[in-house]
Every structure is written in C-alpha cells, then in structure tokens.
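One file, target.csv, carrying CSV, C-alpha atoms:
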```csv
chain,number,residue,atom,x,y,z
F,179,MET,CA,1.5,0.8,7.7
F,180,ARG,CA,3.2,-0.5,4.6
F,181,ILE,CA,6.2,1.6,3.8
F,182,ALA,CA,7.9,1.5,0.4
F,183,VAL,CA,11.6,2.6,0.7
F,184,THR,CA,13.8,3.4,-2.3
F,185,GLY,CA,17.2,1.8,-1.8
F,186,THR,CA,18.2,-1.5,-0.3
F,187,GLN,CA,21.7,-1.0,1.2
F,188,GLY,CA,21.9,2.6,2.5
F,189,GLN,CA,22.2,3.5,6.2
F,190,ILE,CA,18.7,4.8,6.6
F,191,VAL,CA,17.0,1.9,4.9
F,192,SER,CA,19.1,-0.6,6.9
F,193,CYS,CA,18.1,1.2,10.1
F,194,LEU,CA,14.4,1.4,9.1
F,195,ARG,CA,14.5,-2.4,8.5
F,196,GLU,CA,16.0,-3.0,11.9
F,197,ARG,CA,13.6,-0.7,13.8
F,198,VAL,CA,10.5,-2.1,12.1
F,199,SER,CA,11.7,-5.7,12.9
F,200,CYS,CA,12.2,-5.1,16.6
F,201,LEU,CA,10.0,-2.1,17.6
F,202,ARG,CA,6.2,-2.0,17.8
F,203,ASP,CA,5.6,1.5,19.2
F,204,ARG,CA,2.1,2.7,20.0
F,205,ALA,CA,2.7,5.9,18.0
F,206,THR,CA,3.7,4.0,14.9
F,207,GLY,CA,1.6,0.9,15.1
F,208,GLU,CA,2.4,-2.2,13.0
F,209,ALA,CA,4.7,-1.4,10.1
F,210,GLU,CA,6.2,-3.2,7.2
F,211,ILE,CA,9.1,-2.2,5.0
F,212,VAL,CA,9.3,-2.9,1.3
F,213,ALA,CA,12.8,-2.0,0.1
F,214,LEU,CA,13.0,-1.3,-3.6
F,215,GLY,CA,16.3,-1.1,-5.5
F,216,ARG,CA,17.9,-1.9,-8.8
F,217,PRO,CA,17.1,-3.5,-11.2
F,218,LEU,CA,13.5,-3.4,-10.1
F,219,LEU,CA,13.6,0.3,-9.3
F,220,ASP,CA,16.1,2.6,-11.0
F,221,LEU,CA,15.8,6.2,-10.0
F,222,SER,CA,17.0,7.3,-13.4
F,223,ASP,CA,14.3,5.3,-15.1
F,224,ARG,CA,10.9,7.0,-14.8
F,225,GLU,CA,8.9,4.0,-15.8
F,226,SER,CA,10.7,1.6,-13.5
F,227,VAL,CA,10.0,3.9,-10.6
F,228,ARG,CA,6.3,4.2,-11.4
F,229,ALA,CA,5.9,0.4,-11.9
F,230,ALA,CA,7.8,-0.6,-8.8
F,231,LEU,CA,6.0,1.8,-6.5
F,232,ARG,CA,2.7,0.9,-8.0
F,233,GLU,CA,3.4,-2.8,-7.4
F,234,ALA,CA,4.5,-2.1,-3.8
F,235,ARG,CA,0.9,-1.1,-2.8
F,236,CYS,CA,2.2,1.0,0.0
F,237,ASP,CA,0.7,3.5,2.4
F,238,VAL,CA,3.7,5.9,2.4
F,239,ILE,CA,6.9,6.2,0.3
F,240,VAL,CA,10.3,7.0,1.8
F,241,ASN,CA,12.9,8.1,-0.8
F,242,ALA,CA,16.1,7.2,0.9
F,243,ALA,CA,18.1,6.3,-2.2
F,244,ALA,CA,20.6,8.9,-3.6
F,245,TYR,CA,23.9,9.4,-5.3
F,246,THR,CA,26.0,10.3,-2.2
F,247,ALA,CA,29.6,10.3,-3.5
F,248,VAL,CA,30.2,13.9,-2.7
F,249,ASP,CA,33.7,14.2,-4.2
F,250,LYS,CA,33.1,11.9,-7.2
F,251,ALA,CA,30.1,14.0,-8.1
F,252,GLU,CA,32.4,16.8,-9.2
F,253,GLN,CA,33.4,14.6,-12.1
F,254,GLU,CA,30.0,12.9,-12.5
F,255,GLU,CA,27.6,15.8,-12.6
F,256,ALA,CA,25.2,14.3,-15.1
F,257,LEU,CA,24.9,11.1,-13.1
F,258,ALA,CA,24.4,12.9,-9.8
F,259,MET,CA,21.7,15.2,-11.4
F,260,ARG,CA,20.0,12.2,-13.0
F,261,VAL,CA,19.7,10.3,-9.7
F,262,ASN,CA,19.3,13.1,-7.1
F,263,GLY,CA,17.4,15.5,-9.3
F,264,GLU,CA,15.4,13.7,-11.9
F,265,GLY,CA,15.2,10.6,-9.8
F,266,ALA,CA,13.6,12.4,-6.9
F,267,GLY,CA,11.1,13.9,-9.4
F,268,HIS,CA,10.2,10.4,-10.7
F,269,VAL,CA,9.5,9.2,-7.1
F,270,ALA,CA,7.4,12.4,-6.4
F,271,GLU,CA,5.4,11.9,-9.6
F,272,ALA,CA,4.7,8.3,-8.7
F,273,ALA,CA,3.6,9.3,-5.1
F,274,ALA,CA,1.2,11.9,-6.5
F,275,GLU,CA,-0.3,9.4,-9.0
F,276,LEU,CA,-0.8,6.8,-6.2
F,277,GLY,CA,-2.2,9.4,-3.8
F,278,VAL,CA,0.2,8.4,-0.9
F,279,PRO,CA,2.4,10.6,1.3
F,280,LEU,CA,6.1,10.9,0.4
F,281,ILE,CA,9.0,11.4,2.7
F,282,HIS,CA,12.1,12.6,0.8
F,283,PHE,CA,15.6,12.9,2.4
F,284,SER,CA,17.8,15.9,1.6
F,285,THR,CA,21.0,17.4,3.0
F,286,ASP,CA,22.8,20.2,4.7
F,287,TYR,CA,24.8,20.6,1.5
F,288,VAL,CA,22.1,22.7,0.0
F,289,PHE,CA,23.6,25.6,2.1
F,290,ASP,CA,27.0,27.3,1.6
F,291,GLY,CA,27.9,27.2,5.3
F,292,THR,CA,28.6,30.9,5.7
F,293,ALA,CA,25.8,31.5,8.3
F,294,THR,CA,26.9,32.1,11.9
F,295,ARG,CA,23.9,30.3,13.4
F,296,PRO,CA,22.1,27.0,12.6
F,297,TYR,CA,20.2,27.1,9.3
F,298,ARG,CA,16.4,27.3,9.3
F,299,GLU,CA,14.2,25.8,6.6
F,300,ASP,CA,13.5,29.2,5.0
F,301,ASP,CA,17.1,30.3,4.8
F,302,ALA,CA,18.5,30.9,1.3
F,303,THR,CA,20.1,27.9,-0.3
F,304,ALA,CA,23.5,28.2,-2.1
F,305,PRO,CA,25.2,24.8,-2.7
F,306,LEU,CA,28.9,24.8,-3.0
F,307,GLY,CA,29.3,21.7,-5.3
F,308,VAL,CA,27.6,19.3,-7.6
F,309,TYR,CA,26.2,17.1,-4.9
F,310,GLY,CA,24.5,19.9,-3.1
F,311,HIS,CA,23.1,21.3,-6.4
F,312,SER,CA,21.7,17.8,-7.3
F,313,LYS,CA,20.0,17.4,-4.0
F,314,LEU,CA,18.5,20.9,-4.2
F,315,GLU,CA,17.2,20.1,-7.6
F,316,GLY,CA,15.6,17.0,-6.1
F,317,GLU,CA,13.9,19.1,-3.4
F,318,ARG,CA,12.5,21.5,-6.1
F,319,ARG,CA,11.1,18.7,-8.1
F,320,VAL,CA,9.6,17.0,-5.1
F,321,ALA,CA,7.9,20.2,-4.0
F,322,ALA,CA,6.6,20.9,-7.5
F,323,LEU,CA,5.3,17.4,-8.3
F,324,CYS,CA,3.9,16.2,-5.0
F,325,PRO,CA,2.1,18.5,-2.6
F,326,ASN,CA,1.7,15.5,-0.3
F,327,ALA,CA,5.4,15.4,0.4
F,328,THR,CA,7.6,16.0,3.5
F,329,ILE,CA,11.3,16.8,2.8
F,330,LEU,CA,13.7,16.0,5.7
F,331,ARG,CA,17.1,17.6,5.5
F,332,THR,CA,19.7,15.8,7.7
F,333,ALA,CA,23.5,15.8,8.1
F,334,TRP,CA,26.6,14.0,9.3
F,335,VAL,CA,24.8,10.7,9.3
F,336,TYR,CA,26.4,7.6,10.8
F,337,SER,CA,25.2,4.1,11.9
F,338,PRO,CA,26.4,0.6,12.5
F,339,PHE,CA,25.8,0.0,8.8
F,340,GLY,CA,27.6,0.9,5.6
F,341,SER,CA,30.4,3.4,5.2
F,342,ASN,CA,30.5,6.4,7.5
F,343,PHE,CA,32.7,8.5,9.7
F,344,VAL,CA,32.4,6.4,12.8
F,345,ARG,CA,33.4,3.2,11.1
F,346,THR,CA,36.3,4.9,9.3
F,347,MET,CA,37.6,6.3,12.6
F,348,LEU,CA,37.4,2.9,14.3
F,349,ARG,CA,39.3,1.3,11.4
F,350,LEU,CA,42.0,3.9,11.5
F,351,GLY,CA,42.3,3.6,15.3
F,352,GLU,CA,43.3,0.0,14.9
F,353,THR,CA,46.6,0.8,13.4
F,354,ARG,CA,47.3,4.5,14.3
F,355,GLU,CA,48.3,6.3,17.4
F,356,GLU,CA,47.3,9.7,16.0
F,357,VAL,CA,44.7,10.7,13.4
F,358,GLY,CA,44.3,14.2,11.8
F,359,VAL,CA,40.7,15.3,11.8
F,360,VAL,CA,39.2,18.6,10.6
F,361,ALA,CA,38.2,20.9,13.4
F,362,ASP,CA,36.8,24.0,11.6
F,363,GLN,CA,33.6,22.5,10.2
F,364,LEU,CA,30.6,22.4,12.6
F,365,GLY,CA,27.5,20.3,12.3
F,366,ASN,CA,25.0,18.0,14.1
F,367,PRO,CA,26.2,14.4,14.2
F,368,THR,CA,23.1,12.3,13.4
F,369,SER,CA,22.4,8.6,14.0
F,370,ALA,CA,20.6,6.9,11.2
F,371,LEU,CA,18.9,4.7,13.9
F,372,ASP,CA,17.4,7.9,15.4
F,373,ILE,CA,16.5,9.1,11.9
F,374,ALA,CA,14.6,5.8,11.4
F,375,ASP,CA,12.7,6.1,14.7
F,376,ALA,CA,11.7,9.7,13.8
F,377,THR,CA,10.8,8.8,10.2
F,378,LEU,CA,8.4,6.1,11.4
F,379,LEU,CA,6.7,8.7,13.6
F,380,VAL,CA,6.4,11.2,10.8
F,381,ALA,CA,5.2,8.6,8.4
F,382,ALA,CA,2.5,7.4,10.7
F,383,ARG,CA,1.2,10.9,11.2
F,384,LEU,CA,1.2,11.7,7.5
F,385,CYS,CA,-0.9,8.6,6.9
F,386,ARG,CA,-3.6,9.6,9.3
F,387,ASP,CA,-3.5,13.4,9.0
F,388,ASP,CA,-3.7,15.3,5.8
F,389,ALA,CA,-3.0,18.7,7.3
F,390,PRO,CA,-0.9,20.9,4.9
F,391,GLU,CA,1.4,22.1,7.7
F,392,LEU,CA,2.8,18.6,8.2
F,393,ARG,CA,4.1,18.7,4.6
F,394,GLY,CA,6.9,20.9,3.3
F,395,THR,CA,10.6,21.1,4.4
F,396,PHE,CA,11.9,20.2,7.8
F,397,HIS,CA,15.4,19.8,9.4
F,398,MET,CA,16.1,16.5,11.2
F,399,THR,CA,19.4,16.1,12.9
F,400,GLY,CA,20.8,15.0,16.3
F,401,ALA,CA,20.7,17.5,19.2
F,402,GLY,CA,23.9,19.3,20.0
F,403,GLU,CA,26.7,20.4,17.7
F,404,ALA,CA,30.3,19.4,17.2
F,405,SER,CA,33.3,19.6,14.9
F,406,TRP,CA,34.5,16.4,13.1
F,407,ALA,CA,37.5,16.5,15.5
F,408,ASP,CA,35.1,16.5,18.5
F,409,VAL,CA,33.3,13.5,17.1
F,410,ALA,CA,36.5,11.6,16.5
F,411,GLU,CA,37.6,12.3,20.1
F,412,ALA,CA,34.3,11.0,21.4
F,413,ILE,CA,34.7,7.8,19.3
F,414,PHE,CA,38.2,7.1,20.4
F,415,ALA,CA,37.3,7.8,24.1
F,416,ARG,CA,34.5,5.3,23.9
F,417,ALA,CA,36.6,2.8,22.2
F,418,THR,CA,39.1,2.9,25.1
F,419,GLU,CA,36.3,1.7,27.3
F,420,HIS,CA,36.3,-1.4,25.2
F,421,GLY,CA,40.0,-2.0,25.8
F,422,ARG,CA,41.3,-0.3,22.7
F,423,ALA,CA,44.5,1.6,22.8
F,424,PRO,CA,44.1,5.4,23.1
F,425,VAL,CA,44.2,7.4,19.8
F,426,ARG,CA,45.2,11.1,19.7
F,427,VAL,CA,43.2,13.5,17.5
F,428,ARG,CA,45.3,16.1,15.8
F,429,ARG,CA,43.1,19.0,15.0
F,430,ILE,CA,43.6,20.3,11.5
F,431,THR,CA,41.9,22.8,9.2
F,432,THR,CA,39.9,22.2,6.1
F,433,ALA,CA,42.8,23.7,4.1
F,434,ASP,CA,45.0,20.9,5.6
F,435,TYR,CA,42.7,18.3,4.1
F,436,PRO,CA,41.8,19.4,0.6
F,437,THR,CA,39.0,17.5,-1.2
F,438,PRO,CA,37.5,17.8,-4.7
F,439,ALA,CA,34.2,19.1,-3.3
F,440,ARG,CA,34.0,22.0,-0.9
F,441,ARG,CA,32.3,21.3,2.4
F,442,PRO,CA,30.1,23.8,4.3
F,443,ALA,CA,32.0,25.2,7.3
F,444,ASN,CA,28.7,25.5,9.1
F,445,SER,CA,26.4,22.4,8.6
F,446,ARG,CA,24.3,23.1,11.7
F,447,LEU,CA,20.5,22.8,11.1
F,448,ASP,CA,17.8,24.2,13.3
F,449,ASN,CA,15.3,21.5,14.2
F,450,ALA,CA,12.7,23.7,16.0
F,451,LYS,CA,10.1,23.4,13.2
F,452,LEU,CA,10.2,19.6,13.3
F,453,SER,CA,9.7,19.6,17.0
F,454,ARG,CA,6.9,22.2,16.9
F,455,VAL,CA,4.9,20.8,14.0
F,456,HIS,CA,5.5,17.0,14.3
F,457,GLY,CA,6.4,16.8,18.0
F,458,VAL,CA,9.6,15.0,17.0
F,459,ALA,CA,13.1,15.6,18.3
F,460,LEU,CA,16.2,13.5,17.9
F,461,PRO,CA,18.4,12.6,21.0
F,462,ASP,CA,21.7,14.3,21.8
F,463,TRP,CA,24.5,13.1,19.5
F,464,ARG,CA,26.8,12.0,22.3
F,465,ALA,CA,24.5,9.3,23.6
F,466,SER,CA,23.6,8.0,20.2
F,467,LEU,CA,27.3,8.0,19.1
F,468,ALA,CA,28.2,6.0,22.2
F,469,TYR,CA,25.5,3.4,21.5
F,470,CYS,CA,26.8,3.1,17.9
F,471,VAL,CA,30.4,2.6,19.0
F,472,ASP,CA,29.2,0.0,21.5
F,473,ARG,CA,27.4,-1.9,18.8
F,474,LEU,CA,30.3,-1.9,16.5
F,475,LEU,CA,32.8,-3.0,19.1
F,476,ALA,CA,31.3,-5.2,21.7
F,477,GLY,CA,27.7,-4.5,22.5
F,478,PRO,CA,26.3,-2.1,25.1
F,479,ILE,CA,28.5,-1.4,28.2
F,480,HIS,CA,26.7,-1.8,31.5
```
Translate the structure of the given file into structure tokens.
Amino acid sequence: MRIAVTGTQGQIVSCLRERVSCLRDRATGEAEIVALGRPLLDLSDRESVRAALREARCDVIVNAAAYTAVDKAEQEEALAMRVNGEGAGHVAEAAAELGVPLIHFSTDYVFDGTATRPYREDDATAPLGVYGHSKLEGERRVAALCPNATILRTAWVYSPFGSNFVRTMLRLGETREEVGVVADQLGNPTSALDIADATLLVAARLCRDDAPELRGTFHMTGAGEASWADVAEAIFARATEHGRAPVRVRRITTADYPTPARRPANSRLDNAKLSRVHGVALPDWRASLAYCVDRLLAGPIH
C-alpha cells in the first residue's frame, strides 16, 4: 500500500513515517509513505497539488497538512481559508481524478463546545473562530468533491515530535515549581502515534473495500477524557519517575488565560461510529501519554 501524505513535518506525518518503518501488521500489510510538501506540493496551488499527487502514483491519499496556528488565524483569515478550505478541496479534487481513497484530518474546533456530552458526527457544527471555520470549509469541500473520502476529526494531539502540549509542559517543568493550566476545558488527549496506527488500518480497509459506509465523517480520539490541567498533572507525575523535580499544577479558568481565539469548553468527541464501522478504537490517553513522556525523557520505564 503506497500512501501519499500531504505535509512533511507535522506530528501525524512524522508518526506515520515511524510506524511504517518499524511495523508490519497483518491488517495493514506492507506500506510505503510518500510525504509531499512545499515547494513540490503547495495546498494553496491547485495545479501543484494535482501534479504532485499524480506523480506519487499512490493507492491512498492522507491529507495531514494544514494551517494550525489557531490564534494567529484570527489575523490571517485569508491564509487559513486558502490552506484549510481551498487546499483541502484541491486534494479532494485530485483524489477524485486519480480514483483513489482520501483520508482527510479535521478537528474538534468545528464545534462550539456548548454540548454537555461528547459530540457525535451528526451534531450541528458552529465554529468559534477562524481556524474552526477554515477546517469546516475544508470538510465541506472534501465531501462535495470526493465521494471516496473519509474525514477523521481528532483533538488535543500530542507526540514525541513537533510542538505540542506535552513538550511544552516538560520544558516549563525544567525551570518552574508551579505552572498554571486551564481546568475548565474538557477533551480527549490523543497520541499522534495512535492516530498513525489507526490511520493505517483505515487506509488499508478503504483500499480493499469500496463500501459507502466506510466513507464519510468519523471521530478519532484517545479513549477517556480530561482537562488540560489533568493532562499536565499526569505529565509531571510521570516526569518525577524519571527523576525530575515535582511540579505543582495551579488550576485556572479559561478567563484567567485569555487567547485571541476562543477555545471550545467541551472538545470531547464520541468515537462509537469509528469503532462500529471500521472496528478501530484508540487506547486510553493515560497509557499513551505515559509512553510519550517516557520517549521524550529517557525511554520506557520497566
């Protein structure tokens, strides 16, 4: 299975590369990653997207590239829409022309966070900011232009690669005895390594099964829920097992930590559809987080 992935440096593409290089699972078979980024592939340039994906000669496309600067997007709306909206449409158009399945990643930010339960795929969308609006526009274009597409919404992504909450907390913990962390936002912490494993399973099935029910929108997040403060406490607790000094978490409110873009108070996503239709479920966030911290600090603890 030859997989063309948009993006070369993001957390998901980095994890896909690692998993493909070290795992040969019976369910996924042999796999090869072709990572495509600028200048060869520029999401805002329709012709570069079509040419790069055509040249890749792939069996499936994974659109993992995106404009992800949530706060900066409030001042760069045109750019965010060009990449996340129009760019997603360019990839979908190319996939349809090539006749190959497309997996497109989206986000919890398409919801406003006012629900009192985890969001399902058919719940009404209502983004709070530019980033969420741009990702929702991308979803709409993918659905309209490529019937052979599976949209995977995920949230609170972290990994041993790139910039993310886990790495930020570990960096702060090197010099601080206490860190203030928001405690009134709830979500599903999700390891990009787990996303990569699950994506390979979904991709393999899409390649061998053209059933319409395997396409459409699905939620893919780690099992279990937490606040950002809960996650920070788990990170620091694990870090102490590696000999680091304890760090206290001061639980604060969203109002105590204002940002240019509003965050959903409830980012929890219901993964039942993914489990029911694709037979895929991500592990509990606590175990995956511990593994990530171990990797970043000293390797697995025995």
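With all atoms listed in the file as the atoms that count, the residue of F:Ala321, F:Ala439, F:Ala270, F:Met398 with the shortest distance to F:Ala374 is F:Met398.
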Atom pair atom CA of F:Asp408 / atom CA of F:Arg428: separation (Å):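 Calculated distance between atom CA of F:Asp408 and atom CA of F:Arg428 is 10.6 Å.
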Point-to-point distance from atom CA of F:Glu299 to atom CA of F:Asp286, Å rounded to tenths: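 Pair atom CA of F:Glu299 / atom CA of F:Asp286 returns 10.4 Å.
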Residue neighbourhood F:Pro325, 12 Å, all atoms listed in the file, exclusion window fewer than 3 positions, as an MDAnalysis selection string: chainID F and resid 270:271 273:275 277:281 317:322 328:329 388:395
Selection near F:Asp372, 12 Å with all atoms listed in the file, sequence-local residues under 2 positions removed, as an MDAnalysis selection string: chainID F and resid 189:190 193:194 196:197 332 335:338 367:370 374:379 398:401 458:463 465:467 469:470
Return as AutoDock Vina command-line options the centre and edge lengths, in Å with one decimal, of the box along x, y and z that encloses every atom of stretch 236-239 of chain F in the file, padded by 6 Å per side.
```
--center_x 3.8 --center_y 3.6 --center_z 1.2 --size_x 18.2 --size_y 17.2 --size_z 14.4
```
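Nearest to F:Ala333 of all the residues F:Arg228, F:His268, F:His397, F:Arg464 is F:His397, based on only C-alpha atoms.
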Residue among F:Ile413, F:Leu384, F:Val308, F:Ile430 lying closest to F:Val455, counting only C-alpha atoms: F:Leu384
Who sits within 12 Å of F:Pro442, only C-alpha atoms, same chain under 3 positions skipped, as a PyMOL selection string: chain F and resi 285-294+296-297+303-307+310+333-334+362-365+405+432+439+445-447
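In terms of minimum interatomic distance to F:Lys313, F:Arg331 ranks closest within F:Arg426, F:Arg331, F:Arg180, F:Arg345, counting all atoms listed in the file.
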Test item: residues at most 10 Å from F:Gly457, all atoms listed in the file, excluding those fewer than 4 positions along its chain, as a list of chain:residue names: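 Everything that qualifies: F:Ala376, F:Leu379, F:Val380, F:Ala450, F:Lys451, F:Leu452, F:Ser453.
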For F:Thr353: contacts at 10 Å, all atoms listed in the file, fewer than 3 positions along chain excluded, given as a count of residues only: 6
Option closest in space to F:Ala381, from F:Val344, F:Leu219, F:Val240, F:Val191 [counting all atoms listed in the file]: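 Counting all atoms listed in the file, the residue closest to F:Ala381 is F:Val240.
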Distance in Å - atom CA of F:Arg216 versus atom CA of F:Asp249: 23.0 Å
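Using only C-alpha atoms, the smallest distance between any of F:Ala234, F:Met259, F:Ala433, F:Ile239 and F:Tyr309 comes from F:Met259.
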Protein, DNA and RNA residues within 7 Å of (15.2, 9.4, -11.5), all atoms listed in the file, as an MDAnalysis selection string: chainID F and resid 220:224 260:261 263:268
